[in-house]
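Remarks on the structure that follows.
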Amino acid sequence: MTGSTMAGRPAPERIAYWQALDSGRLLLMAAAATLVIAAFAAIAVDGHLHSAHHPFDWAPPLVFGGFIAFGELLRLALPGGREAAPIAMVGAMSYALLLALPGHEIGRQSALLVIAVAAIGMTVGALPHIAAGRPAGVTGICARIVAVACVAAIFRPLASDFVHRPWELAFSIMVLLVFLGWLIDTVIAALIRADDVGARFGVAMLDEIRLQWPLGLAVGASVIITVFSTKTLGLGVLGVFAGPLLVTQVAFRRYAGIRATYLQTVRSLARVTEVAGYVETGHSRRVSRLAVSVGRGLGMAEPDLLALEYAALMHDIGQLSLPDPIPGGATVLVSAADQDRIAADGADVIREAGVLDHVADLVRCQSWPAHGHDPAPPLGSMIIRAANAFDDMVGGSTDRDRSAAALDHLRFDPREYDGRVVEALAEVAGRRVPSRL
Amino acid sequence: MSASWSELDRLWIITQAPQALGGGHEVIGAGQRLSKACEGIARAADQARHAIEHSGKPLLVCAESNEHGAVVVDFSVGHIAAKDIPKFILISASNVRVRWLVLKFDAAEFGASHDALLLLDRHSRAAARQIATSRDLPILLAYDIGFAGLGLVIVALWPVIDAFAAAIVLVPLYVARWAMGQFAEQQRAYAATMNALCQAVETKDFYTRGHGDRVSRGAVMIARQIRMNSDRTEAIRFAGMLHDVGKLGVPTQVLQKTGALTEDEYAAIQLHPMRGLEIVREIGFLYEALNGIMHHHERIDGCGYPMGLAGHEIPEFARVIAVADAFDSMTSTRSYREAKSIEQAIDELRRGAGSQFDPLVVEAFIAALDVTEWILPGPATAPADLTVVTVQDHDDPTAPLQVVIP
């Protein structure tokens with residue numbers, strides 16, 4: 001074995017593309033495909049784009065299409081496995097909201113042309129991703145096309161009317177439409193996500209809004225800058241106006257990068273208890289997955305879920321202070337006093353970091369019974385307590401009888417384990433299909 | 001385009017950015033074209049001082065560079081101390097490349113919490129980075145297109161949508177600023193969490209507390225000395241911190257054993273770099289950091305473990321960590337000996353150069369020790385009730401592990 005093979009990363013589990021399709025995604029893709037086909041068909045049939053008197057005006061579609069493709073190439077990974085393409089969105093939305101172009105007839109940039117250009121640009125921009133073996137991101141592209149199509153359909157027919165009116169009017173309409181485009185994109189993202197991870201739509205929508213608004217604001221502002229500056233300066237300056245957005249994108253990329261590394265680090269370092277023989281292999285990861293699914297089922301929002309995930313990963317870290325490992329590492333089998341000490345020691349370790357006090361609290365309270373303790377433990381701690389007990393009894397096994405017996409054990413003790421949490425856990429354990437995320 | 005470059009030369013905008021975003025009513029001095037003749041800098045600074053006195057909000061300065069490519073933002077004219085400027089954004093709108101950024105203040109000292117976003121082209125990167133590291137500022141560097149574009153965009157949009165131009169151009173920048181703030185916050189949280197977890201791992205053994213942290217500092221000193229780039233330096237910092245995490249997988253009785261080790265026990269110790277790798281391999285580190293952790297006990301003569309690599313087969317990260325690791329072990333107290341002095345430890349490193357250590361790395365470390373002070377671990381006296389004490393130190397080159405030869 002060589003160093004390079006040892007240090008090589010395990011290939012991530014990838015689900016075949018067709019397996020990841022579900023009704024929501026199919027509906028979205030069908031909608032986007034219908035729009036694109038309609039656009040191409042209309043352009044092919046309708047001769048107004050190209051006639052003997054008016055040769056086809058190639059410049060705007062080419063420049064905007066190139067810009068969109070460039071933006072699609074520079075896609076951005078956001079926390080939580082999301083992807084955004086802010087520059088592509090700016091290109092497509094600016095084209096949809098184009099007011100005037102010196103030297104070009106604006107009336108000929110129809111909504112259907114905008115849809116066709118956006119679709120071609122995004123597809124071309126996605127090709128290098130596919131060539132590099134990354135996911136094509138079809139869902140994201142479809143969501144963007146639908147959002148752009150709505151905005152273009154509203155604004156394109158009106159565009160020429162705004163040229164001679166006060167700029168404030170066009171400005172306000174644009175702000176509204178940019179917001180509408182953002183909202184459509186976000187609602188679609190939330191619908192898909194709620195479906196993917198089994199979250200409630202309301203919670204997923206709030207999570208999306210919380211995560212997407214800063215970028216949406218930057219995109220919206222850039223669209224308006226682009227539209228108004230191309231009005232006087234022409235197409236040539238389009239690249240320059242991507243500057244502020246590129247800066248934003250660099251900042252976001254770094255932010256998302258460090259968040260991902262942070263999570264990976266906690267996930268990995270939480271395994272020290274396994275390597276040291278304190279707990280069974282895979283225990284912390286299984287507990288964290290269970291806990292997050294249960295938390296999601298109970299309607300927890302993403303920041304709380306992240307804290308819950310950290311706490312669940314590190315819930316056994318207090319065992320490091322024990323001189324000898326508990327047999328099998330199963331904290332469910334040791335005395336309440338020992339459980340409490342492990343929880344307190346673990347919380348102390350985490351509190352040491354100074355930035356994860358909320359996580360430390362969850363770890364601290366995991367040893368408290370769900371009911372009858374004063375003060376009452378937070379929901380996250382009750383979830384960790386139940387998930388930990390369940391995994392201590394079931395382990396990595398997928399035997400349904402075993403999980404049923406473990407669940408009965410948890411239900412038998414309503415003082416120790418919260419009823420709502422146990423029912424959510426039962427549902428998650430019943431599902432037990434690997435999450436796509 | 002209604003604004004030409006010549007007009008641009010005289011354009012100064014000093015604005016209270018957040019208020020400008022709030023509706024454009026309180027844009028201070030925005031769009032006022034102050035000619036150079038009327039002490040543009042002094043006027044600008046004066047306005048800045050007013051702005052700052054009235055609120056502690058971020059300050060945006062759009063300035064052009066002079067014919068030498070320098071942007072001089074002279075706050076001393078307005079008697080503004082650095083500590084009075086909580087946040088500061090500089091945009092250069094000029095057809096001359098910005099090569100230097102000069103910030104002049106009345107008080108020579110910057111405030112420690114000073115916070116800046118500098119948008120400069122690549123020529124200024126080194127200078128800006130120096131400012132940023134010496135003042136502990138977060139920094140975001142953009143290429144020509146970013147900074148030159150901004151000034152141009154504001155000027156170009158002015159005739160079309162008025163003062164909204166400045167506000168709207170700032171939105172993406174402010175979002176970038178926000179994201180950078182989040183990034184810095186996450187980075188701090190990340191480092192703190194990493195530290196806490198490493199400490200938790202080290203509490204298992206009284207004598208090695210702080211070892212990871214010190215090795216990490218030593219590795220970074222060497223990395224700077226041999227001029228590794230900043231990404232690699234950052235990676236080696238974490239690799240140093242985590243290099244011994246696999247020791248947790250070695251049974252405590254082996255670590256505590258007083259007599260000679262059996263072959264099996266020695267094998268368990270030799271496996272610890274692999275165990276460490278197992279724990280950290282899924283972290284999105286540079287690939288090199290993983291190699292550094294895995295091979296930090298290889299020797300230049302090929303007699304090390306786990307794989308017996310020799311010479312330059314050993315990854316650079318591992319050669320660096322090996323030196324810092326041995327040095328810290330020698331200068332720390334162990335249950336079987338007192339700590340060695342820095343000079344004695346340096347002598348030992350020199351003795352091992354060429355057989356155990358890479359001579360270039362050893363020399364780089366010794367040179368770095370001249371510049372940066374090595375913080376020795378505090379005097380370690382194990383408390384009486386201590387149960388876990390390492391009796392043999394696998395890192396100590398002066399006291400090799402005793403193995404029973406069958």
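Identifiers for the structure tokens are assigned positionally: chains receive A, B, ... in sequence, residues are indexed from 1 per chain, and ligands are indexed from 1 in the order shown.
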
Compile the residues of chain A that lie within 6 Å of chain B, evaluated using only C-alpha atoms, and express the compilation as a PDB file with N, CA, C and O atoms, in the first residue's frame.
ATOM      1  N   PRO A 214     -29.072  37.161   1.473  1.00  0.00           N
ATOM      2  CA  PRO A 214     -27.948  38.049   1.169  1.00  0.00           C
ATOM      3  C   PRO A 214     -27.506  37.941  -0.286  1.00  0.00           C
ATOM      4  O   PRO A 214     -27.278  38.944  -0.954  1.00  0.00           O
ATOM      5  N   ALA A 218     -27.613  40.720  -3.404  1.00  0.00           N
ATOM      6  CA  ALA A 218     -26.478  41.046  -4.262  1.00  0.00           C
ATOM      7  C   ALA A 218     -26.855  40.844  -5.729  1.00  0.00           C
ATOM      8  O   ALA A 218     -26.529  41.669  -6.585  1.00  0.00           O
ATOM      9  N   ALA A 221     -29.316  43.662  -6.838  1.00  0.00           N
ATOM     10  CA  ALA A 221     -28.637  44.933  -7.063  1.00  0.00           C
ATOM     11  C   ALA A 221     -27.824  44.871  -8.348  1.00  0.00           C
ATOM     12  O   ALA A 221     -27.829  45.817  -9.145  1.00  0.00           O
ATOM     13  N   SER A 229     -26.902  50.392 -16.623  1.00  0.00           N
ATOM     14  CA  SER A 229     -25.654  50.811 -17.257  1.00  0.00           C
ATOM     15  C   SER A 229     -25.576  50.361 -18.710  1.00  0.00           C
ATOM     16  O   SER A 229     -25.006  51.067 -19.526  1.00  0.00           O
ATOM     17  N   LEU A 233     -24.338  52.530 -21.787  1.00  0.00           N
ATOM     18  CA  LEU A 233     -22.975  52.152 -22.180  1.00  0.00           C
ATOM     19  C   LEU A 233     -22.917  50.981 -23.157  1.00  0.00           C
ATOM     20  O   LEU A 233     -21.859  50.656 -23.665  1.00  0.00           O
ATOM     21  N   VAL A 240     -17.503  44.067 -16.932  1.00  0.00           N
ATOM     22  CA  VAL A 240     -17.009  44.911 -15.840  1.00  0.00           C
ATOM     23  C   VAL A 240     -18.001  44.912 -14.682  1.00  0.00           C
ATOM     24  O   VAL A 240     -17.625  44.889 -13.517  1.00  0.00           O
ATOM     25  N   GLY A 243     -17.988  42.555 -11.772  1.00  0.00           N
ATOM     26  CA  GLY A 243     -16.932  42.713 -10.763  1.00  0.00           C
ATOM     27  C   GLY A 243     -17.412  42.641  -9.336  1.00  0.00           C
ATOM     28  O   GLY A 243     -16.993  41.757  -8.582  1.00  0.00           O
ATOM     29  N   PRO A 244     -18.342  43.547  -8.942  1.00  0.00           N
ATOM     30  CA  PRO A 244     -18.797  43.510  -7.545  1.00  0.00           C
ATOM     31  C   PRO A 244     -19.347  42.138  -7.162  1.00  0.00           C
ATOM     32  O   PRO A 244     -19.143  41.649  -6.064  1.00  0.00           O
ATOM     33  N   LEU A 245     -20.027  41.517  -8.139  1.00  0.00           N
ATOM     34  CA  LEU A 245     -20.630  40.227  -7.843  1.00  0.00           C
ATOM     35  C   LEU A 245     -19.578  39.135  -7.699  1.00  0.00           C
ATOM     36  O   LEU A 245     -19.722  38.218  -6.884  1.00  0.00           O
ATOM     37  N   THR A 248     -18.372  39.314  -4.295  1.00  0.00           N
ATOM     38  CA  THR A 248     -19.344  38.676  -3.403  1.00  0.00           C
ATOM     39  C   THR A 248     -19.216  37.166  -3.473  1.00  0.00           C
ATOM     40  O   THR A 248     -19.252  36.472  -2.463  1.00  0.00           O
ATOM     41  N   ALA A 251     -16.274  35.812  -1.609  1.00  0.00           N
ATOM     42  CA  ALA A 251     -16.525  35.819  -0.169  1.00  0.00           C
ATOM     43  C   ALA A 251     -17.428  34.659   0.230  1.00  0.00           C
ATOM     44  O   ALA A 251     -17.176  33.962   1.217  1.00  0.00           O
ATOM     45  N   PHE A 252     -18.474  34.419  -0.555  1.00  0.00           N
ATOM     46  CA  PHE A 252     -19.399  33.338  -0.236  1.00  0.00           C
ATOM     47  C   PHE A 252     -18.743  31.975  -0.349  1.00  0.00           C
ATOM     48  O   PHE A 252     -19.004  31.079   0.436  1.00  0.00           O
ATOM     49  N   TYR A 255     -16.783  31.377   2.686  1.00  0.00           N
ATOM     50  CA  TYR A 255     -17.671  31.137   3.827  1.00  0.00           C
ATOM     51  C   TYR A 255     -18.203  29.707   3.801  1.00  0.00           C
ATOM     52  O   TYR A 255     -18.136  28.976   4.803  1.00  0.00           O
ATOM     53  N   THR A 261     -15.709  22.557   6.038  1.00  0.00           N
ATOM     54  CA  THR A 261     -14.555  21.983   6.724  1.00  0.00           C
ATOM     55  C   THR A 261     -14.829  21.834   8.218  1.00  0.00           C
ATOM     56  O   THR A 261     -14.426  20.851   8.846  1.00  0.00           O
ATOM     57  N   TYR A 262     -15.499  22.817   8.766  1.00  0.00           N
ATOM     58  CA  TYR A 262     -15.834  22.815  10.187  1.00  0.00           C
ATOM     59  C   TYR A 262     -16.657  21.565  10.515  1.00  0.00           C
ATOM     60  O   TYR A 262     -16.331  20.805  11.434  1.00  0.00           O
ATOM     61  N   GLN A 264     -16.961  18.818   8.743  1.00  0.00           N
ATOM     62  CA  GLN A 264     -16.171  17.611   8.521  1.00  0.00           C
ATOM     63  C   GLN A 264     -15.244  17.364   9.705  1.00  0.00           C
ATOM     64  O   GLN A 264     -15.041  16.223  10.127  1.00  0.00           O
ATOM     65  N   THR A 265     -14.664  18.457  10.231  1.00  0.00           N
ATOM     66  CA  THR A 265     -13.726  18.306  11.334  1.00  0.00           C
ATOM     67  C   THR A 265     -14.435  17.781  12.581  1.00  0.00           C
ATOM     68  O   THR A 265     -13.948  16.865  13.243  1.00  0.00           O
ATOM     69  N   SER A 268     -15.247  14.204  12.089  1.00  0.00           N
ATOM     70  CA  SER A 268     -14.086  13.313  12.176  1.00  0.00           C
ATOM     71  C   SER A 268     -13.578  13.212  13.601  1.00  0.00           C
ATOM     72  O   SER A 268     -13.318  12.126  14.106  1.00  0.00           O
ATOM     73  N   VAL A 275     -12.232   5.411  18.055  1.00  0.00           N
ATOM     74  CA  VAL A 275     -10.877   4.895  17.865  1.00  0.00           C
ATOM     75  C   VAL A 275     -10.271   4.491  19.203  1.00  0.00           C
ATOM     76  O   VAL A 275      -9.553   3.502  19.316  1.00  0.00           O
ATOM     77  N   ALA A 276     -10.594   5.262  20.243  1.00  0.00           N
ATOM     78  CA  ALA A 276     -10.042   4.952  21.555  1.00  0.00           C
ATOM     79  C   ALA A 276     -10.782   3.794  22.217  1.00  0.00           C
ATOM     80  O   ALA A 276     -10.454   3.411  23.331  1.00  0.00           O
ATOM     81  N   GLU A 352     -15.128  24.697  26.372  1.00  0.00           N
ATOM     82  CA  GLU A 352     -13.742  25.167  26.251  1.00  0.00           C
ATOM     83  C   GLU A 352     -13.538  25.958  24.952  1.00  0.00           C
ATOM     84  O   GLU A 352     -12.763  26.899  24.908  1.00  0.00           O
ATOM     85  N   ALA A 353     -14.249  25.537  23.908  1.00  0.00           N
ATOM     86  CA  ALA A 353     -14.089  26.198  22.610  1.00  0.00           C
ATOM     87  C   ALA A 353     -14.570  27.647  22.663  1.00  0.00           C
ATOM     88  O   ALA A 353     -14.098  28.485  21.898  1.00  0.00           O
ATOM     89  N   VAL A 355     -17.152  29.011  21.625  1.00  0.00           N
ATOM     90  CA  VAL A 355     -18.088  29.451  20.588  1.00  0.00           C
ATOM     91  C   VAL A 355     -19.268  28.499  20.432  1.00  0.00           C
ATOM     92  O   VAL A 355     -20.159  28.748  19.648  1.00  0.00           O
TER      93      VAL A 355
END

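Contact shell of stretch 402-409 of chain A at 9 Å (only C-alpha atoms; same-chain neighbours under 3 positions omitted): Ala389, Phe390, Asp391, Met393, Val394, Ser397, Thr398, Asp399, Phe412, Asp413, Val422, Glu423, Leu425, Ala426, Ala429 and Gly430 of chain A.
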
What's around A:Glu309 at 8 Å? Count only C-alpha atoms, leave out sequence neighbours fewer than 6 positions away in its own chain, and write the answer as number ranges by chain.
A: 288-289, 291-292

Those residues you just picked out, can you put them in a file as a PDB file, in the first residue's frame with C-alpha atoms?
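Full text of again.pdb as output:
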ATOM      1  CA  SER A 288     -26.254  12.300  14.781  1.00  0.00           C
ATOM      2  CA  ARG A 289     -28.098  11.137  11.647  1.00  0.00           C
ATOM      3  CA  ALA A 291     -31.120  12.960  15.832  1.00  0.00           C
ATOM      4  CA  VAL A 292     -31.125  15.272  12.810  1.00  0.00           C
TER       5      VAL A 292
END

With a distance cut-off of 6 Å and only C-alpha atoms, select the neighbouring residues of A:Ala370, excluding the residue or stretch itself and same-chain residues fewer than 4 positions from it, and output the selection as a ChimeraX atom specification.
/A:382,415-418

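Excluding B:Ala310 itself and any same-chain residue fewer than 6 positions from it, the protein and nucleic acid residues within 9 Å of it, counting only C-alpha atoms, are Glu298, Arg299, Ile300, Asp301, Gly302, Cys303 and Gly304 of chain B.
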
What does the distance from atom CA of A:Lys231 to atom CA of A:Ser160 come to in Å, to one decimal?
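If I compute the distance from atom CA of A:Lys231 to atom CA of A:Ser160, I get 12.0 Å.
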
Write out as a ChimeraX atom specification the set of residues from stretch 313-349 of chain B that DSSP, computed on the backbone, places in helix (DSSP H, G or I).
/B:313,316-330,342-349

Find the residue from B:Thr258, B:Thr372, B:Thr398, B:Thr233 that sits nearest to B:Met330; use only C-alpha atoms when measuring.
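Ranked by minimum distance to B:Met330, first place goes to B:Thr398.
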
So which residues touch stretch 304-308 of chain A within 7 Å, counting only C-alpha atoms, skipping near sequence neighbours fewer than 5 positions away, as a PyMOL selection string?
chain A and resi 292+295+359+380

Nearest candidate to B:Gly218 (options B:Arg237, B:Arg337, B:His272, B:His297; using only C-alpha atoms):
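The closest residue to B:Gly218 is B:Arg237.
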
Find the distance between atom CA of A:Ser94 and atom CA of A:Ala242 and write it in Å to one decimal.
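So the answer is 11.5 Å.
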
Contacts of A:Gly202 within 10 Å, only C-alpha atoms, excl. fewer than 2 positions in-chain, as a JSON list (two decimals) with N, CA, C and O atoms, in the first residue's frame:
[["chain", "number", "residue", "atom", "x", "y", "z"],
["A", 190, "ALA", "N", -37.13, 25.48, -1.92],
["A", 190, "ALA", "CA", -37.67, 25.00, -0.64],
["A", 190, "ALA", "C", -38.54, 23.77, -0.85],
["A", 190, "ALA", "O", -38.49, 22.83, -0.06],
["A", 191, "LEU", "N", -39.35, 23.78, -1.93],
["A", 191, "LEU", "CA", -40.22, 22.63, -2.21],
["A", 191, "LEU", "C", -39.38, 21.38, -2.43],
["A", 191, "LEU", "O", -39.65, 20.32, -1.86],
["A", 194, "ALA", "N", -37.67, 20.35, 0.91],
["A", 194, "ALA", "CA", -38.62, 19.76, 1.86],
["A", 194, "ALA", "C", -38.88, 18.31, 1.47],
["A", 194, "ALA", "O", -38.94, 17.42, 2.32],
["A", 199, "ALA", "N", -38.52, 17.55, 5.36],
["A", 199, "ALA", "CA", -38.82, 18.65, 6.29],
["A", 199, "ALA", "C", -40.19, 19.22, 5.94],
["A", 199, "ALA", "O", -40.71, 18.98, 4.86],
["A", 200, "ARG", "N", -40.75, 20.00, 6.87],
["A", 200, "ARG", "CA", -42.01, 20.67, 6.56],
["A", 200, "ARG", "C", -41.71, 21.84, 5.63],
["A", 200, "ARG", "O", -40.68, 22.48, 5.75],
["A", 204, "ALA", "N", -38.70, 24.61, 5.74],
["A", 204, "ALA", "CA", -37.73, 24.62, 4.64],
["A", 204, "ALA", "C", -37.70, 25.99, 3.98],
["A", 204, "ALA", "O", -36.64, 26.51, 3.64],
["A", 205, "MET", "N", -38.87, 26.61, 3.82],
["A", 205, "MET", "CA", -38.94, 27.93, 3.19],
["A", 205, "MET", "C", -38.19, 28.97, 4.02],
["A", 205, "MET", "O", -37.40, 29.75, 3.49],
["A", 206, "LEU", "N", -38.41, 28.95, 5.33],
["A", 206, "LEU", "CA", -37.71, 29.90, 6.20],
["A", 206, "LEU", "C", -36.21, 29.68, 6.13],
["A", 206, "LEU", "O", -35.42, 30.63, 6.10],
["A", 207, "ASP", "N", -35.79, 28.40, 6.11],
["A", 207, "ASP", "CA", -34.37, 28.08, 6.01],
["A", 207, "ASP", "C", -33.78, 28.65, 4.73],
["A", 207, "ASP", "O", -32.70, 29.25, 4.73],
["A", 208, "GLU", "N", -34.53, 28.44, 3.61],
["A", 208, "GLU", "CA", -34.03, 28.93, 2.32],
["A", 208, "GLU", "C", -33.90, 30.45, 2.34],
["A", 208, "GLU", "O", -32.91, 31.01, 1.89],
["A", 299, "GLY", "N", -39.87, 19.56, 13.16],
["A", 299, "GLY", "CA", -39.98, 20.93, 12.66],
["A", 299, "GLY", "C", -38.89, 21.88, 13.12],
["A", 299, "GLY", "O", -39.11, 23.08, 13.18],
["A", 301, "ALA", "N", -35.58, 24.19, 12.79],
["A", 301, "ALA", "CA", -34.99, 24.95, 11.68],
["A", 301, "ALA", "C", -33.51, 24.60, 11.55],
["A", 301, "ALA", "O", -32.91, 24.01, 12.45]]

At what distance in Å, to one decimal, does atom CA of A:Arg431 lie from atom CA of A:Arg267?
23.6 Å
